[in-house]
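**Student:** Got a structure here, written out as C-alpha cells. Questions coming.
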Amino acid sequence: MKHHKQKYNKGSILLGTTILMLAIGLLLAMSVQFLGIGEGILAFGEQQSEQAFSLADTCIKESALRIERNTAWTGGSMTLGDGACTIIVTSFGSSRTVSAAATVGVAVRKITATMTVSGTIVSITSWAEDPS
C-alpha cells in the first residue's frame with residue numbers, strides 16, 4: 001500500500017510543477033504581448049510628433065511665400081493631411097517673427113522663425129523649434 005501511495009505523491013508533484021511552469025509561461029507571454037502593444041503606441045506617438053514637426057516646418061516656409069506676396073499678412077490656419085497648423089506673424093519694420101504651431105493627433109510641435117523683408121524678397125534669418 002505504501003508503494004502505491006508514493007506513486008500518487010510523485011504524480012501530484014509532477015502535476016503541480018507542470019501547472020506552475022505553464023502559469024509562468026503564460027505570464028511571460030502576456031508580458032511580452034503588453035510590451036509589444038506599448039512599443040506600438042510609443043512608435044505611433046513618435047510618428048505623429050515627426051509629422052507635426054514636418055507640418056510646422058512647412059507652415060514656416062508657406063509663411064515666407066505668403067509674406068513675399070503680401071507683406072501685411074499676419075498669419076492664419078492651414079490644414080494638411082491629418083494635421084493643422086496655426087501661424088502668427090508679428091511685424092517690426094522689415095522684420096517678421098513667424099510662430100507656427102502644428103498638431104497631428106495628440107502631438108504638438110512649434111517652430112519660430114525670424115524673417116527679413118526687402119521689397120518682395122523674404123529671407124529667413126533664424127529658425128528654432130520651441131521647447132514645449
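Note on naming: chains are A, B, ... as they come in the C-alpha cells, residues start from 1 per chain, ligands start from 1 in the order shown.
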Which residues are near Glu129 of chain A? Cut-off 9 Å, only C-alpha atoms, ignore same chain within fewer than 3 positions. Put them as a list in words.

**Tutor:**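 Everything that qualifies: Phe53, Arg109, Lys110, Ile111, Thr112, Ala113 and Ser132 of chain A.
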
**Student:** Which of segment 54-112 of chain A end up as strand (DSSP E or B) when DSSP is run on this backbone - answer as a PyMOL selection string?

**Tutor:** chain A and resi 75-80+83-92+95-104+107-112

**Student:** Which residues are close to Ser54 of chain A, i.e. within 9 Å by only C-alpha atoms, leaving aside same-chain residues fewer than 4 positions away? Reply as a PDB file with C-alpha atoms, in the first residue's frame.

**Tutor:**
```pdb
ATOM      1  CA  SER A  49       5.317  64.004 -33.438  1.00  0.00           C
ATOM      2  CA  GLU A  50       7.528  63.800 -36.536  1.00  0.00           C
ATOM      3  CA  THR A  58       6.030  73.535 -43.920  1.00  0.00           C
ATOM      4  CA  CYS A  59       3.926  76.290 -42.312  1.00  0.00           C
ATOM      5  CA  ALA A 102       1.283  72.246 -35.734  1.00  0.00           C
ATOM      6  CA  ARG A 109       5.309  70.897 -32.355  1.00  0.00           C
TER       7      ARG A 109
END
```

**Student:** What's the 9 Å shell around Ser91 of chain A, counting only C-alpha atoms, without same-chain residues fewer than 6 positions away, as a ChimeraX atom specification?

**Tutor:** /A:72,74,97-98

**Student:** Just the selected residues (N, CA and C atoms), exported as a PDB file, in the first residue's frame, please.

**Tutor:**
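Saved result, selection-v2.pdb, follows:
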```pdb
ATOM      1  N   ALA A  72       1.843  92.546 -45.553  1.00  0.00           N
ATOM      2  CA  ALA A  72       0.961  92.840 -44.415  1.00  0.00           C
ATOM      3  C   ALA A  72       0.299  91.572 -43.856  1.00  0.00           C
ATOM      4  N   THR A  74      -0.689  88.555 -41.703  1.00  0.00           N
ATOM      5  CA  THR A  74      -0.492  88.383 -40.260  1.00  0.00           C
ATOM      6  C   THR A  74      -0.662  86.947 -39.771  1.00  0.00           C
ATOM      7  N   THR A  97       8.483  88.053 -37.237  1.00  0.00           N
ATOM      8  CA  THR A  97       8.637  86.870 -36.397  1.00  0.00           C
ATOM      9  C   THR A  97       7.430  85.990 -36.678  1.00  0.00           C
ATOM     10  N   VAL A  98       7.703  84.784 -37.126  1.00  0.00           N
ATOM     11  CA  VAL A  98       6.640  83.856 -37.509  1.00  0.00           C
ATOM     12  C   VAL A  98       6.665  82.671 -36.548  1.00  0.00           C
TER      13      VAL A  98
END
```

**Student:** Identify which of the residues A:Val106, A:Thr116, A:Pro131, A:Ile124 lies closest to Gln47 of chain A, counting only C-alpha atoms when measuring atom-to-atom distances.

**Tutor:**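 Counting only C-alpha atoms, the residue closest to Gln47 of chain A is A:Val106.
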
**Student:** So that I can check the surroundings of Thr79 of chain A, please list as a PyMOL selection string every protein, DNA and RNA residue that reaches within 12 Å of it, counting only C-alpha atoms and ignoring chain neighbours fewer than 2 positions away.

**Tutor:** chain A and resi 52+55-56+58-59+62+76-77+81-87+101-104

**Student:** For C-alpha atoms, I'd like the residues from the last selection saved as a CSV table (one decimal), in the first residue's frame.

**Tutor:**
```
chain,number,residue,atom,x,y,z
A,52,ALA,CA,3.7,67.6,-36.6
A,55,LEU,CA,3.9,70.3,-40.8
A,56,ALA,CA,5.3,73.2,-38.6
A,58,THR,CA,6.0,73.5,-43.9
A,59,CYS,CA,3.9,76.3,-42.3
A,62,GLU,CA,4.4,78.7,-46.6
A,76,GLY,CA,-3.8,82.2,-40.2
A,77,SER,CA,-4.6,78.5,-40.2
A,81,GLY,CA,-3.4,65.7,-44.3
A,82,ASP,CA,-4.2,64.7,-40.7
A,83,GLY,CA,-2.7,67.9,-39.2
A,84,ALA,CA,-3.5,71.5,-38.6
A,85,CYS,CA,-1.2,74.5,-38.2
A,86,THR,CA,-1.8,77.9,-36.7
A,87,ILE,CA,0.6,80.7,-37.8
A,101,ALA,CA,2.2,75.5,-34.0
A,102,ALA,CA,1.3,72.2,-35.7
A,103,THR,CA,-0.9,69.5,-34.3
A,104,VAL,CA,-1.2,65.9,-35.6
```

**Student:** I'd like the contact shell of Arg69 of chain A - 8 Å cut-off, only C-alpha atoms, skipping same-chain residues fewer than 3 positions apart - returned as a PDB file with N, CA and C atoms, in the first residue's frame.

**Tutor:**
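Written file, out33.pdb:
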```
ATOM      1  N   LEU A  65       6.443  82.465 -48.223  1.00  0.00           N
ATOM      2  CA  LEU A  65       5.839  82.698 -49.538  1.00  0.00           C
ATOM      3  C   LEU A  65       4.685  83.704 -49.466  1.00  0.00           C
ATOM      4  N   ARG A  66       3.868  83.562 -48.446  1.00  0.00           N
ATOM      5  CA  ARG A  66       2.723  84.475 -48.320  1.00  0.00           C
ATOM      6  C   ARG A  66       3.177  85.898 -47.992  1.00  0.00           C
ATOM      7  N   THR A 120      10.201  92.482 -52.320  1.00  0.00           N
ATOM      8  CA  THR A 120       9.417  91.241 -52.388  1.00  0.00           C
ATOM      9  C   THR A 120      10.267  90.021 -52.045  1.00  0.00           C
TER      10      THR A 120
END
```
